[in-house]
Each structure stands twice: as C-alpha cells, then as structure tokens.
>>> print(open('target.txt').read())   # compact mmCIF, C-alpha atoms
# COMPACT_ATOMS: atom_id res chain seq x y z
CA MET A 21 38.56 37.77 7.18
CA ARG A 22 35.05 38.88 6.30
CA LYS A 23 34.69 35.85 4.05
CA VAL A 24 35.71 33.58 6.89
CA MET A 25 33.14 35.23 9.15
CA ILE A 26 30.42 34.77 6.53
CA LEU A 27 31.41 31.15 6.01
CA VAL A 28 31.38 30.35 9.72
CA SER A 29 28.05 32.15 10.18
CA ALA A 30 26.51 30.20 7.34
CA ILE A 31 27.73 26.91 8.78
CA ALA A 32 26.39 27.86 12.20
CA ILE A 33 22.97 28.66 10.76
CA VAL A 34 22.88 25.40 8.81
CA THR A 35 23.91 23.53 11.96
CA VAL A 36 21.12 25.06 14.04
CA ILE A 37 18.51 24.39 11.37
CA THR A 38 19.67 20.82 10.86
CA ILE A 39 19.79 19.91 14.54
CA SER A 40 16.39 21.47 15.24
CA GLY A 41 14.98 19.53 12.29
CA VAL A 42 16.52 16.30 13.51
CA LEU A 43 15.20 16.81 17.02
CA LYS A 44 11.77 17.56 15.63
CA ALA A 45 11.87 14.42 13.50
CA ALA A 46 12.96 12.37 16.47
CA ASN A 47 9.94 13.48 18.43
CA PRO A 48 7.10 13.84 15.96
CA THR A 49 3.73 14.96 17.12
CA THR A 50 1.83 11.83 17.86
CA GLU A 51 -1.86 11.19 17.72
CA ALA A 52 -2.51 9.00 20.69
CA VAL A 53 -5.46 6.86 19.75
CA SER A 54 -6.01 3.37 21.01
CA PRO A 55 -6.81 0.66 18.46
CA PRO A 56 -10.51 0.44 19.36
CA LYS A 57 -10.89 4.15 18.94
CA ALA A 58 -8.97 4.03 15.70
CA SER A 59 -11.52 1.62 14.29
CA ALA A 60 -14.08 4.36 14.52
CA VAL A 61 -12.11 6.55 12.19
CA THR A 62 -14.25 7.01 9.16
CA ALA A 63 -13.15 10.37 7.93
CA LEU A 64 -11.15 10.32 4.76
CA VAL A 65 -7.92 12.00 5.63
CA GLN A 66 -4.82 12.70 3.70
CA SER A 67 -1.67 11.92 5.61
CA GLN A 68 1.45 13.96 5.31
CA ASP A 69 4.11 11.41 4.60
CA PRO A 70 7.51 11.86 6.20
CA PRO A 71 10.49 12.88 4.09
CA GLY A 72 12.03 9.90 2.36
CA THR A 73 8.68 8.21 1.64
CA ILE A 74 8.50 6.42 -1.68
CA ASP A 75 5.00 6.78 -3.10
CA GLY A 76 4.37 4.09 -5.70
CA SER A 77 1.55 6.09 -7.26
CA VAL A 78 4.17 8.68 -8.23
CA THR A 79 7.36 6.62 -8.69
CA PRO A 80 6.41 2.93 -8.95
CA GLN A 81 9.85 2.16 -10.34
CA LEU A 82 11.35 3.02 -6.95
CA ILE A 83 9.36 0.34 -5.11
CA PRO A 84 11.83 -2.54 -4.65
CA ASP A 85 10.84 -5.87 -6.18
CA ASP A 86 11.42 -7.81 -2.99
CA VAL A 87 9.00 -5.61 -1.03
CA ALA A 88 6.30 -5.87 -3.70
CA TYR A 89 6.70 -9.62 -4.17
CA GLU A 90 6.55 -10.18 -0.43
CA LEU A 91 3.29 -8.24 -0.29
CA PHE A 92 2.05 -10.40 -3.16
CA PHE A 93 3.02 -13.64 -1.40
CA ASN A 94 1.55 -12.45 1.89
CA PHE A 95 -1.71 -11.48 0.18
CA PHE A 96 -2.17 -15.06 -1.02
CA SER A 97 -0.85 -16.77 2.12
CA ASP A 98 -2.92 -18.49 4.77
CA ARG A 99 -6.23 -18.11 2.97
CA ALA A 100 -9.12 -20.18 4.26
CA ALA A 101 -10.94 -22.47 1.85
CA GLY A 102 -13.99 -20.24 2.06
CA GLU A 103 -12.02 -17.33 0.65
CA ARG A 104 -11.22 -19.06 -2.60
CA GLY A 105 -14.08 -17.51 -4.57
CA LYS A 106 -13.19 -14.03 -3.36
CA ILE A 107 -9.53 -14.43 -4.30
CA GLN A 108 -10.42 -15.95 -7.68
CA ALA A 109 -12.62 -12.91 -8.28
CA TYR A 110 -9.64 -10.70 -7.51
CA CYS A 111 -7.46 -12.61 -9.96
CA ASN A 112 -10.15 -12.47 -12.66
CA GLN A 113 -9.99 -8.69 -12.55
CA THR A 114 -6.24 -8.55 -12.96
CA THR A 115 -3.56 -9.90 -15.26
CA LEU A 116 -3.62 -13.01 -13.06
CA ALA A 117 -6.85 -14.21 -14.69
CA SER A 118 -5.06 -16.89 -16.69
CA VAL A 119 -2.87 -18.07 -13.82
CA ASN A 120 -3.93 -21.15 -11.90
CA LEU A 121 -4.92 -20.04 -8.41
CA ASP A 122 -3.71 -23.20 -6.71
CA SER A 123 -0.28 -22.61 -8.23
CA ILE A 124 -0.19 -19.12 -6.75
CA PHE A 125 -1.20 -20.50 -3.36
CA ALA A 126 1.58 -23.08 -3.65
CA ALA A 127 4.16 -20.41 -4.53
CA ALA A 128 3.04 -18.31 -1.56
CA ALA A 129 3.32 -21.32 0.76
CA TYR A 130 6.80 -22.03 -0.61
CA TYR A 131 7.85 -18.45 0.16
CA GLN A 132 6.54 -18.76 3.72
CA GLN A 133 8.39 -22.03 4.14
CA LEU A 134 11.63 -20.46 2.88
CA VAL A 135 11.64 -17.47 5.19
CA ALA A 136 10.17 -19.10 8.30
CA PRO A 137 13.44 -20.47 9.77
CA ILE A 138 15.34 -17.24 9.32
CA ASP A 139 12.44 -15.22 10.70
CA ALA A 140 12.36 -17.44 13.78
CA GLN A 141 16.11 -17.02 14.25
CA ALA A 142 15.86 -13.25 13.89
CA GLN A 143 12.89 -13.12 16.23
CA ALA A 144 14.87 -14.99 18.89
CA ILE A 145 17.80 -12.60 18.61
CA ARG A 146 15.52 -9.60 18.82
CA ASP A 147 13.56 -10.94 21.79
CA SER A 148 16.69 -11.86 23.73
CA ASN A 149 17.78 -8.26 23.73
CA PRO A 150 16.66 -5.93 26.52
CA HIS A 151 15.69 -3.16 24.11
CA ALA A 152 16.53 -0.62 26.76
CA THR A 153 18.68 1.89 24.99
CA PRO A 154 19.58 3.01 21.48
CA GLN A 155 22.89 1.24 22.01
CA ASP A 156 21.02 -2.02 22.52
CA ALA A 157 19.13 -1.40 19.34
CA ALA A 158 22.35 -0.76 17.45
CA LEU A 159 23.79 -3.98 18.85
CA VAL A 160 20.74 -6.00 17.78
CA ASN A 161 20.87 -4.42 14.36
CA ALA A 162 24.47 -5.47 13.97
CA GLN A 163 23.55 -9.03 14.94
CA LEU A 164 20.60 -9.09 12.55
CA ALA A 165 22.41 -7.59 9.56
CA PRO A 166 23.70 -10.92 8.16
CA LEU A 167 20.28 -12.51 8.62
CA GLN A 168 18.63 -9.62 6.82
CA ALA A 169 20.93 -10.15 3.87
CA GLN A 170 20.16 -13.87 3.88
CA ARG A 171 16.45 -13.17 4.04
CA LYS A 172 16.61 -10.85 1.08
CA ALA A 173 18.38 -13.57 -0.88
CA LEU A 174 15.62 -16.02 0.02
CA VAL A 175 12.93 -13.64 -1.18
CA THR A 176 14.81 -13.33 -4.46
CA ALA A 177 14.99 -17.13 -4.63
CA ALA A 178 11.22 -17.37 -4.12
CA MET A 179 10.71 -14.83 -6.91
CA ASP A 180 12.99 -16.78 -9.22
CA LYS A 181 11.19 -20.00 -8.40
CA LEU A 182 7.77 -18.61 -9.35
CA ALA A 183 7.93 -19.91 -12.91
CA ASP A 184 8.29 -23.45 -11.54
CA PHE A 185 4.90 -23.08 -9.90
CA VAL A 186 2.90 -21.00 -12.36
CA GLY A 187 4.84 -21.52 -15.59
CA PRO A 188 6.79 -18.90 -17.54
CA ALA A 189 3.63 -17.18 -18.80
CA GLY A 190 2.24 -17.12 -15.28
CA ALA A 191 5.42 -15.57 -13.94
CA VAL A 192 5.18 -12.86 -16.60
CA ALA A 193 1.54 -12.24 -15.66
CA ILE A 194 2.51 -11.90 -12.01
CA ARG A 195 5.30 -9.51 -12.93
CA GLN A 196 2.78 -7.39 -14.89
CA HIS A 197 0.39 -7.46 -11.96
CA ILE A 198 3.05 -6.38 -9.50
CA ASP A 199 4.57 -3.68 -11.69
CA GLY A 200 1.35 -2.37 -13.15
CA ARG A 201 -0.99 -2.59 -10.21
CA MET A 202 0.56 -3.40 -6.87
CA LYS A 203 3.56 -1.09 -6.96
CA ARG A 204 1.27 1.83 -7.76
CA GLN A 205 -0.63 1.22 -4.53
CA ILE A 206 2.41 0.74 -2.28
CA LYS A 207 4.21 3.28 -0.16
CA ILE A 208 7.55 2.69 1.52
CA LEU A 209 7.84 4.64 4.73
CA PRO A 210 11.06 5.34 6.58
CA GLY A 211 10.83 4.32 10.21
CA PRO A 212 10.95 7.06 12.81
CA ASN A 213 14.26 8.41 13.97
CA MET A 214 15.70 7.08 17.20
CA PRO A 215 15.13 9.64 19.98
CA VAL A 216 18.28 11.43 21.10
CA ASN A 217 18.06 10.32 24.71
CA GLY A 218 16.89 6.80 24.13
CA ILE A 219 13.48 5.79 25.28
CA ALA A 220 10.95 8.52 25.77
CA PRO A 221 9.54 9.04 29.28
CA GLY A 222 6.88 6.52 30.19
CA ALA A 223 7.93 4.09 27.54
CA ASN A 224 7.60 0.42 28.18
CA PRO A 225 9.30 -1.16 25.19
CA MET A 226 8.83 -4.70 26.47
CA ALA A 227 5.15 -4.28 27.20
CA HIS A 228 4.16 -6.15 24.08
CA HIS A 229 6.84 -8.80 24.18
CA MET B 18 57.41 50.62 -2.81
CA SER B 19 53.92 52.03 -2.55
CA ILE B 20 51.15 50.08 -0.96
CA THR B 21 49.56 49.57 -4.34
CA ASP B 22 52.82 48.22 -5.71
CA TYR B 23 53.11 45.93 -2.71
CA TRP B 24 49.70 44.37 -3.27
CA GLN B 25 50.35 44.01 -6.97
CA ALA B 26 53.80 42.45 -6.41
CA ARG B 27 52.71 40.20 -3.57
CA PRO B 28 52.41 36.59 -4.64
CA PRO B 29 48.87 35.26 -4.23
CA ASN B 30 48.45 33.89 -0.76
CA HIS B 31 45.58 31.37 -0.46
CA SER B 32 46.43 30.26 3.03
CA TRP B 33 43.35 31.96 4.51
CA ALA B 34 41.17 30.26 2.01
CA ARG B 35 42.87 26.93 2.64
CA ARG B 36 42.43 27.36 6.39
CA SER B 37 38.78 28.34 6.17
CA GLY B 38 38.16 25.56 3.68
CA LEU B 39 39.65 22.99 6.03
CA CYS B 40 37.66 24.52 8.85
CA ALA B 41 34.47 24.17 6.85
CA VAL B 42 35.23 20.56 5.99
CA PHE B 43 35.94 19.81 9.63
CA LEU B 44 32.71 21.42 10.73
CA LEU B 45 30.76 19.54 8.13
CA VAL B 46 32.27 16.24 9.27
CA VAL B 47 31.39 17.04 12.88
CA LEU B 48 27.93 18.16 11.83
CA GLY B 49 27.43 14.96 9.85
CA SER B 50 28.48 12.85 12.80
CA ILE B 51 26.12 14.67 15.13
CA THR B 52 23.28 14.39 12.65
CA SER B 53 23.74 10.69 12.04
CA ALA B 54 23.98 10.04 15.77
CA PHE B 55 20.73 11.93 16.35
CA SER B 56 18.83 10.54 13.40
CA GLN B 57 19.35 6.80 13.45
CA GLN B 58 16.46 5.74 11.28
CA MET B 59 14.59 2.74 12.60
CA GLY B 60 14.06 0.62 9.52
CA SER B 61 11.27 1.07 7.02
CA TYR B 62 7.91 -0.50 6.24
CA ALA B 63 5.49 -0.85 3.36
CA ALA B 64 1.87 0.30 3.24
CA TYR B 65 -0.57 -1.07 0.68
CA SER B 66 -4.24 -0.81 -0.25
CA ASP B 67 -6.25 -2.58 -2.91
CA SER B 68 -9.88 -3.19 -3.85
CA TRP B 69 -11.97 -5.35 -6.12
CA VAL B 70 -15.44 -6.69 -6.77
CA ASP B 71 -16.18 -10.09 -5.26
CA ASP B 72 -18.73 -11.55 -7.65
CA SER B 73 -18.18 -15.16 -6.59
CA ASN B 74 -21.67 -15.30 -5.06
CA PRO B 75 -24.21 -13.95 -7.58
CA ASP B 76 -26.70 -13.36 -4.80
CA ALA B 77 -24.29 -11.42 -2.61
CA ILE B 78 -21.93 -9.35 -4.71
CA THR B 79 -19.62 -7.22 -2.61
CA ILE B 80 -16.91 -4.63 -3.04
CA VAL B 81 -13.80 -5.56 -1.08
CA GLY B 82 -11.30 -3.05 0.27
CA THR B 83 -8.08 -4.21 1.85
CA GLY B 84 -5.15 -2.60 3.60
CA ALA B 85 -1.83 -4.13 4.64
CA THR B 86 1.32 -3.11 6.48
CA GLN B 87 4.52 -5.08 6.04
CA ASP B 88 7.85 -4.75 7.80
CA SER B 89 9.96 -7.76 6.94
CA GLN B 90 12.86 -6.68 9.13
CA ASN B 91 11.24 -5.30 12.24
CA SER B 92 14.41 -5.10 14.30
CA TYR B 93 13.05 -2.40 16.60
CA GLY B 94 9.92 -4.20 17.74
CA HIS B 95 7.48 -1.76 16.22
CA THR B 96 3.82 -2.69 16.54
CA TYR B 97 1.69 -2.24 13.43
CA TRP B 98 -1.98 -2.33 12.56
CA VAL B 99 -4.10 -0.94 9.79
CA VAL B 100 -7.55 0.65 9.71
CA THR B 101 -9.25 0.39 6.33
CA THR B 102 -12.33 2.31 5.27
CA LEU B 103 -14.29 1.61 2.10
CA THR B 104 -16.60 4.35 0.81
CA SER B 105 -19.18 4.01 -1.96
CA PRO B 106 -19.98 6.76 -4.47
CA SER B 107 -23.15 7.63 -2.54
CA GLY B 108 -21.29 7.76 0.77
CA ARG B 109 -21.96 4.36 2.29
CA THR B 110 -18.95 3.39 4.38
CA THR B 111 -17.54 0.45 6.25
CA THR B 112 -14.41 0.30 8.39
CA ALA B 113 -12.36 -2.55 9.77
CA THR B 114 -9.25 -2.78 11.91
CA SER B 115 -6.58 -5.42 11.53
CA SER B 116 -4.91 -7.34 14.32
CA GLN B 117 -1.72 -5.93 15.76
CA THR B 118 1.65 -7.42 14.99
CA ASN B 119 5.15 -6.76 16.23
CA GLY B 120 6.91 -9.86 14.97
CA TYR B 121 10.30 -9.65 13.33
CA SER B 122 8.63 -10.35 10.00
CA ALA B 123 5.59 -8.21 10.56
CA TYR B 124 2.61 -8.40 8.24
CA THR B 125 -0.92 -7.43 9.09
CA ALA B 126 -3.88 -6.95 6.79
CA VAL B 127 -7.60 -6.38 6.95
CA GLU B 128 -10.47 -6.57 4.51
CA THR B 129 -13.77 -4.78 4.66
CA VAL B 130 -16.73 -5.14 2.33
CA LEU B 131 -19.77 -3.23 1.12
CA PRO B 132 -22.67 -5.00 -0.54
CA TRP B 133 -23.09 -4.09 -4.18
CA ASP B 134 -26.00 -1.74 -4.80
CA TRP B 135 -27.33 -1.32 -8.36
CA ALA B 136 -28.23 2.24 -7.45
CA ASP B 137 -24.71 3.05 -6.34
CA PRO B 138 -22.29 2.62 -9.25
CA GLY B 139 -19.07 4.60 -9.66
CA GLY B 140 -15.78 4.79 -7.78
CA TYR B 141 -15.46 2.79 -4.57
CA PHE B 142 -12.68 4.37 -2.55
CA THR B 143 -10.54 2.38 -0.15
CA GLN B 144 -8.34 4.24 2.26
CA SER B 145 -6.12 2.65 4.88
CA ARG B 146 -4.45 4.34 7.81
CA HIS B 147 -1.31 2.51 8.80
CA TRP B 148 -0.72 2.82 12.53
CA MET B 149 2.47 2.12 14.36
CA CYS B 150 3.89 2.17 17.87
CA CYS B 151 7.60 2.53 18.44
CA PRO B 152 8.80 1.30 21.84
CA TYR B 153 11.75 3.67 21.72
CA MET B 154 9.38 6.60 21.37
CA GLY B 155 7.07 5.66 24.20
CA GLY B 156 4.51 3.95 22.04
CA ASN B 157 2.22 1.62 23.93
CA PRO B 158 -0.03 -0.51 21.70
CA TYR B 159 -2.28 -1.48 24.63
CA THR B 160 -3.26 2.05 25.54
CA GLY B 161 -2.55 3.64 22.17
CA ALA B 162 -0.43 6.26 23.87
CA GLY B 163 2.39 7.43 21.67
CA CYS B 164 1.06 5.51 18.67
CA TYR B 165 0.35 7.32 15.45
CA PRO B 166 -0.75 6.77 11.84
CA GLY B 167 2.46 6.68 9.84
CA THR B 168 0.74 7.14 6.52
CA SER B 169 -2.35 6.36 4.50
CA SER B 170 -2.63 4.39 1.29
CA SER B 171 -5.55 4.17 -1.07
CA SER B 172 -7.13 2.37 -3.98
CA THR B 173 -10.18 3.02 -6.13
CA SER B 174 -12.37 0.45 -7.87
CA LEU B 175 -14.40 1.98 -10.64
CA THR B 176 -17.66 0.09 -11.09
CA GLY B 177 -20.37 0.63 -13.66
CA ILE B 178 -23.50 -0.84 -15.18
CA SER B 179 -24.14 -1.72 -18.79
CA LYS B 180 -27.83 -1.24 -19.52
CA ALA B 181 -28.61 -3.11 -22.72
CA ALA B 182 -31.97 -2.94 -24.50
CA TYR B 183 -33.88 -6.00 -25.79
CA TYR B 184 -37.11 -6.53 -27.73
CA GLU B 185 -39.35 -9.60 -27.82
CA SER B 186 -38.45 -11.79 -30.78
CA GLY B 187 -40.35 -15.02 -30.12
CA GLY B 188 -41.68 -17.36 -27.51
CA LEU B 189 -42.68 -20.84 -26.55
CA GLY B 190 -45.30 -21.31 -23.89
CA ASP B 191 -44.74 -18.79 -21.16
CA ARG B 192 -41.04 -18.37 -22.05
CA CYS B 193 -40.18 -15.58 -24.45
CA THR B 194 -36.97 -14.78 -26.30
CA PHE B 195 -35.61 -11.25 -26.43
CA ASP B 196 -32.95 -10.02 -28.86
CA LEU B 197 -30.49 -7.20 -28.38
CA SER B 198 -31.81 -4.04 -30.01
CA PRO B 199 -29.98 -3.13 -33.22
CA GLY B 200 -27.32 -0.50 -32.59
CA CYS B 201 -27.24 -1.13 -28.86
CA ASN B 202 -23.54 -1.19 -28.08
CA VAL B 203 -22.55 -1.28 -24.43
CA THR B 204 -19.58 -2.75 -22.60
CA CYS B 205 -21.35 -5.88 -21.39
CA SER B 206 -24.28 -7.53 -23.13
CA VAL B 207 -25.54 -10.83 -24.53
CA ASN B 208 -27.11 -11.27 -27.95
CA ASN B 209 -30.37 -12.62 -26.61
CA LEU B 210 -32.01 -13.67 -23.41
CA GLU B 211 -35.02 -15.59 -22.16
CA ASP B 212 -37.61 -14.38 -19.71
CA THR B 213 -41.19 -15.06 -18.68
CA CYS B 214 -43.60 -13.64 -21.26
CA ASP B 215 -45.67 -10.64 -20.36
CA ASN B 216 -48.68 -9.57 -22.41
CA PHE B 217 -48.10 -5.90 -21.73
CA GLN B 218 -44.35 -5.51 -21.37
CA HIS B 219 -42.58 -6.63 -24.55
CA TYR B 220 -39.18 -5.07 -23.83
CA ARG B 221 -36.42 -5.92 -21.44
CA THR B 222 -33.32 -4.18 -20.20
CA ARG B 223 -30.42 -6.19 -18.91
CA TRP B 224 -28.14 -4.56 -16.36
CA GLU B 225 -24.69 -6.06 -15.97
CA LEU B 226 -22.07 -4.98 -13.45
CA TRP B 227 -18.63 -4.20 -14.76
CA VAL B 228 -15.47 -3.07 -13.02
CA LYS B 229 -12.53 -1.20 -14.45
CA PRO B 230 -9.32 -2.26 -12.73
CA PRO B 231 -5.90 -1.02 -13.80
CA LEU B 232 -4.21 -2.69 -16.77
CA VAL B 233 -7.07 -4.87 -17.97
CA GLY B 234 -9.78 -2.38 -18.96
CA ARG B 235 -13.44 -2.99 -18.22
CA TYR B 236 -14.16 -6.44 -16.85
CA CYS B 237 -17.68 -7.79 -17.27
CA THR B 238 -18.66 -9.72 -14.17
CA GLY B 239 -21.50 -11.65 -15.79
CA ARG B 240 -23.68 -10.66 -12.85
CA ALA B 241 -26.88 -9.20 -14.25
CA ARG B 242 -30.51 -8.41 -13.59
CA ILE B 243 -33.38 -8.18 -16.06
CA ILE B 244 -36.09 -5.54 -15.86
CA ARG B 245 -39.34 -5.43 -17.84
CA TYR B 246 -40.30 -2.41 -19.93
CA PHE B 247 -43.45 -1.22 -21.70
CA GLU B 248 -41.42 0.66 -24.30
CA PRO B 249 -37.92 0.39 -25.75
CA PRO B 250 -35.53 0.96 -22.86
CA PRO B 251 -32.38 3.09 -23.06
CA CYS B 252 -29.10 1.49 -24.09
CA VAL B 253 -26.32 3.03 -22.05
CA ASP B 254 -23.24 2.49 -19.90
CA GLU B 255 -23.34 4.21 -16.53
CA PRO B 256 -20.95 5.84 -16.06
CA GLN B 257 -20.07 6.26 -19.72
>>> encode(input="target.txt", output="structure tokens")
Amino acid sequence: MRKVMILVSAIAIVTVITISGVLKAANPTTEAVSPPKASAVTALVQSQDPPGTIDGSVTPQLIPDDVAYELFFNFFSDRAAGERGKIQAYCNQTTLASVNLDSIFAAAAYYQQLVAPIDAQAQAIRDSNPHATPQDAALVNAQLAPLQAQRKALVTAAMDKLADFVGPAGAVAIRQHIDGRMKRQIKILPGPNMPVNGIAPGANPMAHH
Amino acid sequence: MSITDYWQARPPNHSWARRSGLCAVFLLVVLGSITSAFSQQMGSYAAYSDSWVDDSNPDAITIVGTGATQDSQNSYGHTYWVVTTLTSPSGRTTTATSSQTNGYSAYTAVETVLPWDWADPGGYFTQSRHWMCCPYMGGNPYTGAGCYPGTSSSSTSLTGISKAAYYESGGLGDRCTFDLSPGCNVTCSVNNLEDTCDNFQHYRTRWELWVKPPLVGRYCTGRARIIRYFEPPPCVDEPQ
C-alpha cells in the first residue's frame, strides 16, 4: 500500500511540475518593443533559446537540408543588379568562388518559381480562416498538411536540380558551403506553444492581415 | 499455521502491483493528453546571420553583416522581422531593421555595413535579434505589444592586414620599382611594386586587407595601400 501511495504521490508531483511548465511556456515573458524602438537596440545580448532549439554552431548535422538550402536560395533571390559586386565578393570568400554567379541566381529563381504556386495556395487557405481560436488553427493546419508535404518535395526537387544549373562541381561546392558555413550559423527555433485559452486578452490576430 | 508460515506458503500475489502499474499507465496517458492539448507547438522557424567583406569597390570597402528569419510554413500567421547589429573590433557599430513579414512562406532579411578602416582590423561581429509576433498570444506588430525576440544568431568575420616590406630596386624617370624584402613572408604580398620616386624615402610598405572566412582560410582581397618609409619597414601580419 505504501508503494502505491509513493507511486501516486510521485505522479502527482510530476503532473504539477509538467502542467506549470507548460503553462509557463504558453505564456512566456514578452519584451514589448515596437519595431522602430527595436532598431535602436545596439547592445550585444545573448538570448536564452527555448527548449528544443537546434543550434547549428553546436550540432550543424541536425539542421535539415531543406531549411538550409531554402535560406541559400532566398539569400540569392531578388537581388538588384547593383548588388552583384557585393554578392560576388561574398562568393569569392567562400567555397562558391569557382561557381558562376549567374548560374546561382538562375537556380534561386527556379526555386522561387517552383514554390510560388503552392505558397499562394497555402496563403489563400490560411487567409480564408478566421484565426479566432486554437481549434481554427488546428483546422487550418490539417488543411495545410498535404501542401506542406508537397512543398517539401519541391524544395528537394530544387536541390536535386542544382547540378543542372551550376554543374556537378558547382553543386558540390554549394553543398560544402551549406554544410561547412551556413548550417553553423543557423538556428531552428520551435514556435511558441498555443495558449491554453486561445487568444490572449487584447489580441487582434487579424490586425496584420 | 503460524503467521510466518502463512506468508511463506502464500503464493506470490502481484495483483497490487498490477493494479498500481495500470493506474500509473492510465495517469501517464491522461497526463500526456493534457500536456499535448496545452502545448500545441506553433511551427518552427530558422534564424541565420552571416558576414563578409565587400571589396567590389576598391575605394569603398565595407564589412557586411546580414540577418535573416525564415518560416516556410507559417500556418499561424506569425509576423517576423530581424534587427542586425555589426560591431567592429574598436567598437564602431551599425544597426538595421528588416521589413516585417507574415506571409505563409515568410522570409525577411536585412544587411548593414561598416566602412573598412585600416586602423580597425580584427573580428567584425554580427549579431541579429529575430523578433516575432504571434497573433494567438496577443502579439501586435503595429504597436510591438506582445512581440518578443525569439532568439539571436551571430557571425564573425575575422579581418587582418598583411604589411609587407619593400626596398627600392630601380627606377625610370619619376617611377621607381620596389622589390619585396628578402625573408618577408606575410599572407598577402606581391613580388614587386611601382611607386613615385622619392629622394628621401627609399622604402615602401604595402598593406593588404585579408579576411579569414570558415572553410577557405585567409582570403587576400587584393585591396591595398602603399606607404613610404625612410627606413626598412616591419614585415608582419596583423593580427598574426
């Protein structure tokens, strides 16, 4: 009987600790600073990353390829002609030095072209939802799940197609750049936890839609 | 039968253990359900910083710091922006803020630059604060209320100067040739250079900017300045 009591007590303690932790995570202390004020931030601060963060400087092998390649494509996308020298300088200081810059621009444009339709479709689904409650969010997520899978497949296709743009040696150079440099400067952050009671007081989730 | 005999003869009865075990499993299942209901995680996003030397304009070399936030599946309508600060070894700083984005495929980035200063070599530190607003948590990107920096990312560009020593080796008219001093071995140098002759200053030092990015070792930018000397100048890499 005593063992049962101990077991139940232990479970109760774990339950209390877990729930209080979850509630705390769902309502993290926020630093309310408007964007203009944020621009004045010059102090070098160290953030405390939430549990579940993948820090590429520590475990670069845990940064997913699709995330890193998308950052790579986005970095080279939509560059103005006047930025060419600056981007070439960047490449010269990396393993991309021998890769033709126009080919990289073309590969980035191809990636954007691939994902644009599915992004537009997903955007429409998301915007058509009232975003009023966590249940709405769950519903939207369910609707978006197949699109998310399709999008991931497209990113993989863009990665596989890279050699067609930059040649096999260029694709290897890009892989080295992503694995050896980019992934070490990437963090993957888990999103916040959905509040228990839905939207927090004063929230206006559609304000920016 | 004595009590002792009874306990010794009694077949092992694990029913209490079975019951409490089942009870524990049940409680854990309930606990798990409650926890998952409370802690529905709203996606994930990537934070990135990088930096490099932009030597494309020899008359306006700059250090570039960039920060980016990417959420390719922004189902929850989060708004993102990034504030990037670049700091030189001597403490010069510059800060820039990106535009805000809350698109389904959200990507926002910003670049900020510091002019290169020959008196300010060393590590240029880029730090980005990645801000987000979650509509389900009361975040309002217009007022900033309920928005918070989710994390910071960083990057360092190590810059340096090769200071190579040269002596006058010949000349034609007012143009003189200078050769690299024997034994002068720095990261970036040329074997000889030309400069206007000077009757009093027969030595030259050539300073060339280099940068040490990851993977590729020291990269000589080719961007250099030449300084006249009365006596043999030092031959050194700064930092070593």
>>> atom_distance(input="target.txt", atom1="atom CA of Gln155 of chain A", atom2="atom CA of Cys151 of chain B")
15.8 Å
>>> closest_residue(input="target.txt", among="A:Pro188, A:Gly72, A:Gly105, A:Pro137", to="chain B", atoms="only C-alpha atoms")
A:Gly105
>>> residues_around(input="target.txt", residues="Phe247 of chain B", least_positions_apart="5", cutoff="10 Å", atoms="all atoms listed in the file", output="NGL selection string")
:B and (215-221)
>>> closest_residue(input="target.txt", among="B:Thr101, B:Thr83, B:Gly155, B:Cys252", to="Leu197 of chain B", atoms="all atoms listed in the file")
B:Cys252
>>> residues_around(input="target.txt", residues="Asp71 of chain B", least_positions_apart="4", cutoff="6 Å", atoms="all atoms listed in the file", output="PyMOL selection string")
(chain A and resi 106+109) or (chain B and resi 78-80)
>>> atom_distance(input="target.txt", atom1="atom CA of Thr102 of chain B", atom2="atom CA of Ala85 of chain B")
12.3 Å
>>> atom_distance(input="target.txt", atom1="atom CA of Ala64 of chain B", atom2="atom CA of Arg146 of chain B")
8.8 Å
>>> residues_near_point(input="target.txt", point="(13.8, -9.4, -2.4)", cutoff="9 Å", atoms="only C-alpha atoms", output="list in words")
Pro84, Asp85, Asp86, Val87, Ala88, Tyr89, Glu90, Arg171, Lys172, Ala173, Leu174, Val175, Thr176, Ala177, Ala178 and Met179 of chain A
>>> closest_residue(input="target.txt", among="B:Asp134, B:Asp88, B:Asp191, B:Asp196", to="Thr118 of chain B", atoms="all atoms listed in the file")
B:Asp88
>>> residues_around(input="target.txt", residues="Gly108 of chain B", least_positions_apart="6", cutoff="10 Å", atoms="all atoms listed in the file", output="list in words")
Asp137, Tyr141 and Phe142 of chain B
>>> write_last_selection(input="target.txt", atoms="C-alpha atoms", output="PDB file, in the frame of the given file")
ATOM      1  CA  ASP B 137     -24.710   3.050  -6.340  1.00  0.00           C
ATOM      2  CA  TYR B 141     -15.460   2.790  -4.570  1.00  0.00           C
ATOM      3  CA  PHE B 142     -12.680   4.370  -2.550  1.00  0.00           C
TER       4      PHE B 142
END
>>> closest_residue(input="target.txt", among="A:Leu164, A:Ala126, A:Val119, A:Ile194", to="chain B", atoms="only C-alpha atoms")
A:Leu164
>>> residues_around(input="target.txt", residues="Ala142 of chain A", least_positions_apart="4", cutoff="12 Å", atoms="all atoms listed in the file", output="VMD selection string")
(chain A and resid 135 to 138 146 to 149 160 to 171) or (chain B and resid 89 to 94 120 to 123)
>>> residues_around(input="target.txt", residues="Thr238 of chain B", least_positions_apart="3", cutoff="7 Å", atoms="only C-alpha atoms", output="PDB file with C-alpha atoms, in the frame of the given file")
ATOM      1  CA  ASP B  72     -18.730 -11.550  -7.650  1.00  0.00           C
ATOM      2  CA  LEU B 226     -22.070  -4.980 -13.450  1.00  0.00           C
ATOM      3  CA  TRP B 227     -18.630  -4.200 -14.760  1.00  0.00           C
TER       4      TRP B 227
END
